[in-house]
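K.L.:
To start, I am sharing the structure in question, which I have written as structure tokens.
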Number of protein chains: 2
Amino acid sequence: MQETLPPSGPAAVTLRDVARAAKVSVSTASRALAGGLTSRATEQRLQRIATEMGYRPNTLARGLKTRSSRLVGLVVHNLTNASFRVLAEVVQQRLRAAGYQAILCITADDPEQEAATIATLSDQRVDGLIICPTGRNGAQLAALERAGVPVTCVVRRDEGTRLETVLAADPEGAYAGTQHLIGLGHRRIGLIVGRQETTSGRERLSGYRRALEEAGIGFDPSLVHAGRYAPETGLAGCRQLLDRDDRPSALFVANHESALGVLRGLAERDILVPEQLSLLCYEDMPGFAWQRPAISVVDSGAEAMAELAADRLLQRLRGEGGSRAAPEYRIGARLIERQSCRRLEA
Amino acid sequence: MQETLPPSGPAAVTLRDVARAAKVSVSTASRALAGGLTSRATEQRLQRIATEMGYRPNTLARGLKTRSSRLVGLVVHNLTNASFRVLAEVVQQRLRAAGYQAILCITADDPEQEAATIATLSDQRVDGLIICPTGRNGAQLAALERAGVPVTCVVRRDEGTRLETVLAADPEGAYAGTQHLIGLGHRRIGLIVGRQETTSGRERLSGYRRALEEAGIGFDPSLVHAGRYAPETGLAGCRQLLDRDDRPSALFVANHESALGVLRGLAERDILVPEQLSLLCYEDMPGFAWQRPAISVVDSGAEAMAELAADRLLQRLRGEGGSRAAPEYRIGARLIERQSCRRLEA
DNA sequence: AGTCCGGTCGCAAACGTTTGCGGCGCCAGT
DNA sequence: ACTGGCGCCGCAAACGTTTGCGACCGGACT
């Protein structure tokens, strides 16, 4: 019978092979390549032989011994949301530069998938974890951290655990955006915002509200429409807010998925921006700058968040964890004025 | 001195612990949990004990022994392009369902980064690889495949190697799109397309050209604008094609990044779609359906590509690789009519 | 010349699994 | 009652590293 051997090509060259070729023991070979505990001469000789033979250390074996896989889990809800997308891009690149690889996992904001994901990543012996938590699996995350695997939360906080977290400065961002509109003379400002069960949804609403009240404008609940992060929400909000007699003069759309629906709603009603309505969005996305008119946004600073999250995790991976404090970081938002907001004449 | 032991929490429970608790040898424990070579009774008993103790097998150790890491590399140029995004989402999910994890890597279409990435993934002993190749590292990929690691290319082909590849049916898609416009009575059709060094750029142009010629319409090179996949290209193309006397009556934009620039160009010139110009895009993206008017597209079938790529790789991972044929698969494109194309009166 | 010391190196154990091989006991068949 | 066979299990080797410990060698110092 034809032996149908699995196509395991030429067996990889192992440390033993290198050692044998250099006529030293495996241990000195190991030390020479790790740099250090050998004479300068043998070190260089072995480096040379190793590269000549095309030696590549076996990460699994090394990981088994050193109890570290140089893998980091990266868990997000999806890749469609611009924040998650840049998070994935930036974190991945940052980690790679530091010698780690990112394992990408997508949970669809579903606690069960998240639980399974965390378990699997733990099985893979990831060295660390960056995650946007659903909030329902805090116990598992805390257990991981207790087992020596640093966990950094992003975008959302996991209430109930004391995990290191980096968030957007949503209250301030929403405050600044609303204030900007107020400064332009707007008094009736509609808000389309996320579900109030989420941190960001609540915080953005509260920032909006605070700006209003500080300006001496009453908060009118009928001017806010809350819903999922989806175009449909924006469309529904448009309908609710604009098909009424005392129509607001400005709209603040607090997440970019809804914005698509809002744009369509405005077009359907032939409402001119910014002539008849000022429009301000939260979170920048590639399309906004290319719209006509270009859409002003308060940018939530996704890449800054990503960079900070990666840096914090890396620092703890290097063992400089230090502070048990499990702090919370906030990334400042930034107003980007384009052409979708106009000053209201008095 | 306070021993600052690394916070390696409670040591993980190992197979030895389970075996000891069950008063059997490690080998029977292993076999019992793997299912099979033991009596039904001990199998169930050990399953129970294992879960009670919270045993989780060490993937690294297992991988070292079995020479498989249950990791699969996923290499794309970026996550902004819609095709890559759904590729990442779908592949990740598919692999996970089959017990594999995806390592995400981004190359920015840069051969050097790609080379480094492939090397690292190989070091991590990935079991397989799904990659959109730059085309400059075919040798490395071929070597991987020879070493027993199945490689599947997506979106682009690596010329010069005979790797399994799944592509979009770009010639047919562009043909169908152009034909659709012709069927609506258009004779002068502008084309904004990708660089001619890329497979997709060439193939989409050729499909466009074939449709034209079959309809007896002469191919006019001055009606095509080729450039990078970026909004700027679209804007420049708009300028070149529309600021002339014999302006085309329809525009076929063969990639969605450029489309953003085109939309802005049209808005700047106050050109009404579809009244004054019909617009058709290649590759669907979330925004298109929400535009006003909603933009017709020929959808390149990104998720079908992703699914096929994942399935092909998985099949080979399961050892059913069989055919040495290194075949090439094509995913059919599909015209989605919305509201941006109108029939030309004769 | 003897002692000591610092620098290099090899031996062997360990990391947690999987797996070939052989031993043991039990049941059925003569 | 003895043999054969088969099902279940344990022993130990192996996967490719890292690392503590001890051996060895040379030179410098007393």
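Here's how to read the names in the structure tokens: chain A, B, ... by the order shown, residue numbers from 1 in each chain, ligand numbers from 1 in the order shown.
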May I ask you to extract the residues of chain B within 9 Å of chain D, using only C-alpha atoms (C1' of nucleotides), and to give them as a list in words?
P.N.:
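Residues of chain B within 9 Å of chain D, counting only C-alpha atoms (C1' of nucleotides): Val24, Ser25, Val26, Ser27, Thr28, Leu37, Thr38, Ser39, Ala61, Gly63, Leu64, Lys65, Thr66 and Arg67 of chain B.
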K.L.:
Show me which bits of chain C are within 7 Å of chain B, counting only C-alpha atoms (C1' of nucleotides), as JSON, numbers by chain.
P.N.:
{"C": [16, 17, 18]}
K.L.:
Please report, as a Markdown table, each residue of chain B lying at most 8 Å from chain A, together with the nearest pair of atoms and the separation in Å rounded to one decimal; use only C-alpha atoms, and order rows by chain and ascending residue number.
P.N.:
```
| residue | atom | partner | partner_atom | distance |
| --- | --- | --- | --- | --- |
| B:Pro6 | CA | A:Gly148 | CA | 7.7 |
| B:Pro7 | CA | A:Gly148 | CA | 5.1 |
| B:Ser8 | CA | A:Gly148 | CA | 4.5 |
| B:Gly9 | CA | A:Ala147 | CA | 4.1 |
| B:Pro10 | CA | A:Ala147 | CA | 6.2 |
| B:Ala11 | CA | A:Ala147 | CA | 7.6 |
| B:Arg56 | CA | A:Asp123 | CA | 6.5 |
| B:Pro57 | CA | A:Asp123 | CA | 6.9 |
| B:Asn58 | CA | A:Asp123 | CA | 6.3 |
| B:Thr59 | CA | A:Gln124 | CA | 5.5 |
| B:Leu60 | CA | A:Leu60 | CA | 5.3 |
| B:Ala61 | CA | A:Leu64 | CA | 6.0 |
| B:Gly63 | CA | A:Leu60 | CA | 6.8 |
| B:Leu64 | CA | A:Leu60 | CA | 5.7 |
| B:Ser69 | CA | A:Leu60 | CA | 7.9 |
| B:Asn78 | CA | A:Glu89 | CA | 7.4 |
| B:Leu79 | CA | A:Arg85 | CA | 6.6 |
| B:Thr80 | CA | A:Arg85 | CA | 7.5 |
| B:Arg85 | CA | A:Leu79 | CA | 6.6 |
| B:Glu89 | CA | A:Leu79 | CA | 7.0 |
| B:Gln92 | CA | A:Cys105 | CA | 6.9 |
| B:Gln93 | CA | A:Ile106 | CA | 7.4 |
| B:Gln101 | CA | A:Ile103 | CA | 7.0 |
| B:Ala102 | CA | A:Ile103 | CA | 5.8 |
| B:Ile103 | CA | A:Ile103 | CA | 4.5 |
| B:Leu104 | CA | A:Leu104 | CA | 5.8 |
| B:Cys105 | CA | A:Gln92 | CA | 6.9 |
| B:Ile106 | CA | A:Glu89 | CA | 7.3 |
| B:Asp123 | CA | A:Thr59 | CA | 6.1 |
| B:Gln124 | CA | A:Thr59 | CA | 5.5 |
| B:Arg125 | CA | A:Thr59 | CA | 7.3 |
| B:Arg146 | CA | A:Gly9 | CA | 5.5 |
| B:Ala147 | CA | A:Gly9 | CA | 4.1 |
| B:Gly148 | CA | A:Ser8 | CA | 4.6 |
| B:Pro231 | CA | A:Trp290 | CA | 8.0 |
| B:Leu260 | CA | A:Trp290 | CA | 6.1 |
| B:Gly261 | CA | A:Trp290 | CA | 6.4 |
| B:Leu263 | CA | A:Gln291 | CA | 7.5 |
| B:Arg264 | CA | A:Arg292 | CA | 5.8 |
| B:Ala267 | CA | A:Arg292 | CA | 6.1 |
| B:Glu268 | CA | A:Arg292 | CA | 7.3 |
| B:Gly287 | CA | A:Leu260 | CA | 6.5 |
| B:Trp290 | CA | A:Arg264 | CA | 5.8 |
| B:Gln291 | CA | A:Arg264 | CA | 5.9 |
| B:Arg292 | CA | A:Arg264 | CA | 5.8 |
| B:Gly319 | CA | A:Pro6 | CA | 7.8 |
```
K.L.:
Please write the residues from the selection above to a file, keeping N, CA and C atoms, as a compact mmCIF listing (two decimals), in the first residue's frame.
P.N.:
```txt
# COMPACT_ATOMS: atom_id res chain seq x y z
N PRO B 6 6.36 37.04 39.91
CA PRO B 6 5.44 37.41 38.84
C PRO B 6 4.06 36.89 39.19
N PRO B 7 3.04 37.66 38.95
CA PRO B 7 1.72 37.33 39.46
C PRO B 7 1.13 36.11 38.77
N SER B 8 1.93 35.04 38.69
CA SER B 8 1.38 33.83 38.09
C SER B 8 0.47 33.20 39.12
N GLY B 9 -0.76 33.43 38.94
CA GLY B 9 -1.76 33.04 39.91
C GLY B 9 -1.72 31.56 40.23
N PRO B 10 -2.84 31.00 40.60
CA PRO B 10 -2.91 29.57 40.89
C PRO B 10 -2.49 28.80 39.66
N ALA B 11 -1.47 27.95 39.83
CA ALA B 11 -0.97 27.21 38.68
C ALA B 11 -2.11 26.46 38.02
N ARG B 56 -8.05 22.37 31.64
CA ARG B 56 -8.03 22.82 30.25
C ARG B 56 -6.69 22.42 29.66
N PRO B 57 -6.73 21.66 28.60
CA PRO B 57 -5.47 21.18 28.02
C PRO B 57 -4.58 22.33 27.59
N ASN B 58 -3.31 22.12 27.72
CA ASN B 58 -2.35 23.14 27.31
C ASN B 58 -2.08 23.02 25.81
N THR B 59 -2.56 24.03 25.11
CA THR B 59 -2.47 23.99 23.65
C THR B 59 -1.03 23.95 23.15
N LEU B 60 -0.16 24.60 23.88
CA LEU B 60 1.23 24.63 23.43
C LEU B 60 1.84 23.24 23.51
N ALA B 61 1.65 22.59 24.63
CA ALA B 61 2.21 21.25 24.79
C ALA B 61 1.63 20.32 23.74
N GLY B 63 0.35 21.11 20.92
CA GLY B 63 0.84 21.48 19.60
C GLY B 63 2.26 20.99 19.38
N LEU B 64 3.05 21.08 20.42
CA LEU B 64 4.44 20.63 20.30
C LEU B 64 4.47 19.16 19.92
N SER B 69 -0.86 23.74 15.62
CA SER B 69 -1.12 24.78 16.62
C SER B 69 -2.58 25.18 16.64
N ASN B 78 -5.36 45.69 4.46
CA ASN B 78 -5.89 46.65 5.43
C ASN B 78 -7.28 46.18 5.84
N LEU B 79 -7.96 46.96 6.65
CA LEU B 79 -9.32 46.59 7.04
C LEU B 79 -10.33 47.63 6.57
N THR B 80 -9.85 48.63 5.85
CA THR B 80 -10.72 49.69 5.39
C THR B 80 -11.50 49.26 4.17
N ARG B 85 -12.49 43.64 4.84
CA ARG B 85 -13.20 43.64 6.11
C ARG B 85 -14.11 42.43 6.23
N GLU B 89 -13.91 39.23 8.82
CA GLU B 89 -15.02 38.83 9.68
C GLU B 89 -15.45 37.40 9.41
N GLN B 92 -12.65 34.63 10.07
CA GLN B 92 -12.45 34.47 11.50
C GLN B 92 -13.54 33.61 12.10
N GLN B 93 -14.77 33.91 11.73
CA GLN B 93 -15.90 33.19 12.31
C GLN B 93 -15.92 31.73 11.85
N GLN B 101 -8.08 29.22 15.38
CA GLN B 101 -8.05 30.64 15.68
C GLN B 101 -7.33 31.37 14.55
N ALA B 102 -7.77 32.58 14.28
CA ALA B 102 -7.15 33.36 13.22
C ALA B 102 -6.17 34.36 13.79
N ILE B 103 -4.98 34.37 13.27
CA ILE B 103 -4.01 35.41 13.61
C ILE B 103 -4.09 36.47 12.52
N LEU B 104 -4.45 37.66 12.90
CA LEU B 104 -4.65 38.72 11.92
C LEU B 104 -3.36 39.49 11.66
N CYS B 105 -3.04 39.65 10.41
CA CYS B 105 -1.86 40.44 10.07
C CYS B 105 -2.19 41.39 8.94
N ILE B 106 -1.64 42.58 9.01
CA ILE B 106 -1.91 43.60 8.01
C ILE B 106 -0.60 44.03 7.37
N ASP B 123 6.98 30.85 12.01
CA ASP B 123 7.56 30.58 13.32
C ASP B 123 6.50 30.15 14.32
N GLN B 124 5.34 30.76 14.21
CA GLN B 124 4.26 30.42 15.14
C GLN B 124 3.67 29.07 14.81
N ARG B 125 4.19 28.44 13.78
CA ARG B 125 3.72 27.11 13.38
C ARG B 125 2.23 27.14 13.06
N ARG B 146 5.26 23.76 0.72
CA ARG B 146 6.08 22.57 0.61
C ARG B 146 6.37 21.98 1.99
N ALA B 147 6.44 22.86 2.98
CA ALA B 147 6.69 22.40 4.35
C ALA B 147 5.44 21.82 4.98
N GLY B 148 4.37 21.73 4.21
CA GLY B 148 3.19 21.07 4.74
C GLY B 148 2.13 22.01 5.27
N PRO B 231 -10.07 57.68 -2.59
CA PRO B 231 -11.02 58.72 -2.98
C PRO B 231 -10.41 59.72 -3.95
N LEU B 260 -16.12 57.33 -3.22
CA LEU B 260 -16.30 58.47 -2.33
C LEU B 260 -15.90 59.76 -3.02
N GLY B 261 -14.76 59.72 -3.68
CA GLY B 261 -14.28 60.91 -4.37
C GLY B 261 -15.20 61.29 -5.52
N LEU B 263 -18.42 60.79 -5.72
CA LEU B 263 -19.64 61.40 -5.18
C LEU B 263 -19.41 62.87 -4.87
N ARG B 264 -18.26 63.13 -4.29
CA ARG B 264 -17.97 64.52 -3.97
C ARG B 264 -17.79 65.35 -5.23
N ALA B 267 -21.15 66.15 -6.61
CA ALA B 267 -21.85 67.15 -5.80
C ALA B 267 -21.29 68.54 -6.08
N GLU B 268 -19.97 68.61 -6.18
CA GLU B 268 -19.35 69.91 -6.43
C GLU B 268 -19.83 70.53 -7.74
N GLY B 287 -22.51 52.10 2.99
CA GLY B 287 -23.07 53.41 2.69
C GLY B 287 -23.91 53.48 1.43
N TRP B 290 -27.59 53.42 1.48
CA TRP B 290 -28.19 54.51 2.23
C TRP B 290 -28.02 55.86 1.57
N GLN B 291 -27.26 55.89 0.50
CA GLN B 291 -27.14 57.13 -0.24
C GLN B 291 -28.48 57.53 -0.83
N ARG B 292 -28.57 58.76 -1.21
CA ARG B 292 -29.76 59.25 -1.89
C ARG B 292 -29.33 59.91 -3.17
N GLY B 319 -6.91 17.26 5.86
CA GLY B 319 -6.15 16.23 5.18
C GLY B 319 -6.82 15.71 3.94
```
K.L.:
Name the residues in contact with A:Ser340 at a cut-off of 6 Å, using only C-alpha atoms (C1' of nucleotides), excluding same-chain residues fewer than 6 positions from it; report them as number ranges by chain.
P.N.:
A: 273-274, 278-279, 293, 295-296
K.L.:
From stretch 48-278 of chain B, collect each residue whose DSSP state is strand (DSSP E or B) and return the set as an MDAnalysis selection string.
P.N.:
chainID B and resid 71:76 101:106 128:131 151:154 164:168 189:194 224:227 250:253 278
K.L.:
Could the residues in this selection be saved with C-alpha atoms as a PDB file, in the first residue's frame?
P.N.:
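The resulting file, again_24.pdb, is reproduced below:
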```pdb
ATOM      1  CA  LEU B  71      -3.771  28.617  14.414  1.00  0.00           C
ATOM      2  CA  VAL B  72      -4.316  29.993  10.958  1.00  0.00           C
ATOM      3  CA  GLY B  73      -2.717  33.133   9.603  1.00  0.00           C
ATOM      4  CA  LEU B  74      -4.974  35.672   7.953  1.00  0.00           C
ATOM      5  CA  VAL B  75      -3.071  38.276   5.987  1.00  0.00           C
ATOM      6  CA  VAL B  76      -4.724  41.247   4.313  1.00  0.00           C
ATOM      7  CA  GLN B 101      -8.052  30.640  15.675  1.00  0.00           C
ATOM      8  CA  ALA B 102      -7.154  33.357  13.218  1.00  0.00           C
ATOM      9  CA  ILE B 103      -4.015  35.413  13.607  1.00  0.00           C
ATOM     10  CA  LEU B 104      -4.651  38.716  11.919  1.00  0.00           C
ATOM     11  CA  CYS B 105      -1.855  40.436  10.068  1.00  0.00           C
ATOM     12  CA  ILE B 106      -1.909  43.602   8.014  1.00  0.00           C
ATOM     13  CA  GLY B 128      -2.571  27.121   7.404  1.00  0.00           C
ATOM     14  CA  LEU B 129      -2.597  30.511   5.764  1.00  0.00           C
ATOM     15  CA  ILE B 130      -5.132  32.654   3.994  1.00  0.00           C
ATOM     16  CA  ILE B 131      -3.510  35.582   2.316  1.00  0.00           C
ATOM     17  CA  VAL B 151      -1.807  28.251   1.683  1.00  0.00           C
ATOM     18  CA  THR B 152      -4.873  29.765   0.080  1.00  0.00           C
ATOM     19  CA  CYS B 153      -4.673  33.059  -1.780  1.00  0.00           C
ATOM     20  CA  VAL B 154      -7.626  35.396  -1.970  1.00  0.00           C
ATOM     21  CA  GLU B 164      -4.766  27.485  -4.541  1.00  0.00           C
ATOM     22  CA  THR B 165      -6.528  30.747  -5.210  1.00  0.00           C
ATOM     23  CA  VAL B 166     -10.029  32.113  -4.923  1.00  0.00           C
ATOM     24  CA  LEU B 167     -10.783  35.230  -6.908  1.00  0.00           C
ATOM     25  CA  ALA B 168     -13.693  37.395  -7.818  1.00  0.00           C
ATOM     26  CA  ILE B 189     -19.502  55.244 -20.494  1.00  0.00           C
ATOM     27  CA  GLY B 190     -16.659  56.534 -18.376  1.00  0.00           C
ATOM     28  CA  LEU B 191     -14.591  54.039 -16.367  1.00  0.00           C
ATOM     29  CA  ILE B 192     -12.660  54.746 -13.200  1.00  0.00           C
ATOM     30  CA  VAL B 193     -10.562  51.731 -12.435  1.00  0.00           C
ATOM     31  CA  GLY B 194      -7.612  50.473 -10.393  1.00  0.00           C
ATOM     32  CA  VAL B 224     -10.945  55.505 -18.720  1.00  0.00           C
ATOM     33  CA  HIS B 225      -9.083  56.794 -15.728  1.00  0.00           C
ATOM     34  CA  ALA B 226      -6.875  54.400 -13.767  1.00  0.00           C
ATOM     35  CA  GLY B 227      -5.397  55.038 -10.347  1.00  0.00           C
ATOM     36  CA  ALA B 250     -22.723  57.137 -17.400  1.00  0.00           C
ATOM     37  CA  LEU B 251     -19.878  56.428 -15.024  1.00  0.00           C
ATOM     38  CA  PHE B 252     -18.691  53.011 -13.969  1.00  0.00           C
ATOM     39  CA  VAL B 253     -16.562  53.268 -10.824  1.00  0.00           C
ATOM     40  CA  SER B 278     -25.928  57.356 -14.372  1.00  0.00           C
TER      41      SER B 278
END
```
K.L.:
If you run DSSP on the backbone, which residues of stretch 38-238 of chain B are alpha helix (DSSP H), as a VMD selection string?
P.N.:
chain B and resid 40 to 53 59 to 66 82 to 97 111 to 123 138 to 146 170 to 183 199 to 214 231 to 238
K.L.:
If you count only C-alpha atoms (C1' of nucleotides), which residues fall within 12 Å of B:Arg334, apart from same-chain ones fewer than 6 positions away, as a ChimeraX atom specification?
P.N.:
/B:168-170,172-177,180,281-284,296-302,304
K.L.:
For the residues in the current selection, export C-alpha atoms as a tab-separated table (two decimals), in the first residue's frame.
P.N.:
```
chain	number	residue	atom	x	y	z
B	168	ALA	CA	-13.69	37.40	-7.82
B	169	ALA	CA	-15.04	36.96	-11.32
B	170	ASP	CA	-13.86	40.43	-12.24
B	172	GLU	CA	-17.50	38.85	-15.93
B	173	GLY	CA	-18.56	41.35	-13.29
B	174	ALA	CA	-17.24	44.32	-15.18
B	175	TYR	CA	-18.73	42.90	-18.34
B	176	ALA	CA	-22.13	42.53	-16.73
B	177	GLY	CA	-22.03	46.02	-15.26
B	180	HIS	CA	-26.29	46.80	-17.97
B	281	CYS	CA	-20.06	51.10	-8.68
B	282	TYR	CA	-18.08	47.92	-8.18
B	283	GLU	CA	-18.06	46.25	-4.73
B	284	ASP	CA	-20.90	47.01	-2.38
B	296	SER	CA	-26.48	50.55	-7.93
B	297	VAL	CA	-23.52	48.24	-7.69
B	298	VAL	CA	-22.14	45.08	-9.06
B	299	ASP	CA	-21.34	43.21	-5.89
B	300	SER	CA	-18.12	41.27	-6.13
B	301	GLY	CA	-19.34	38.69	-3.64
B	302	ALA	CA	-16.82	39.24	-0.90
B	304	ALA	CA	-18.85	34.17	-0.82
```
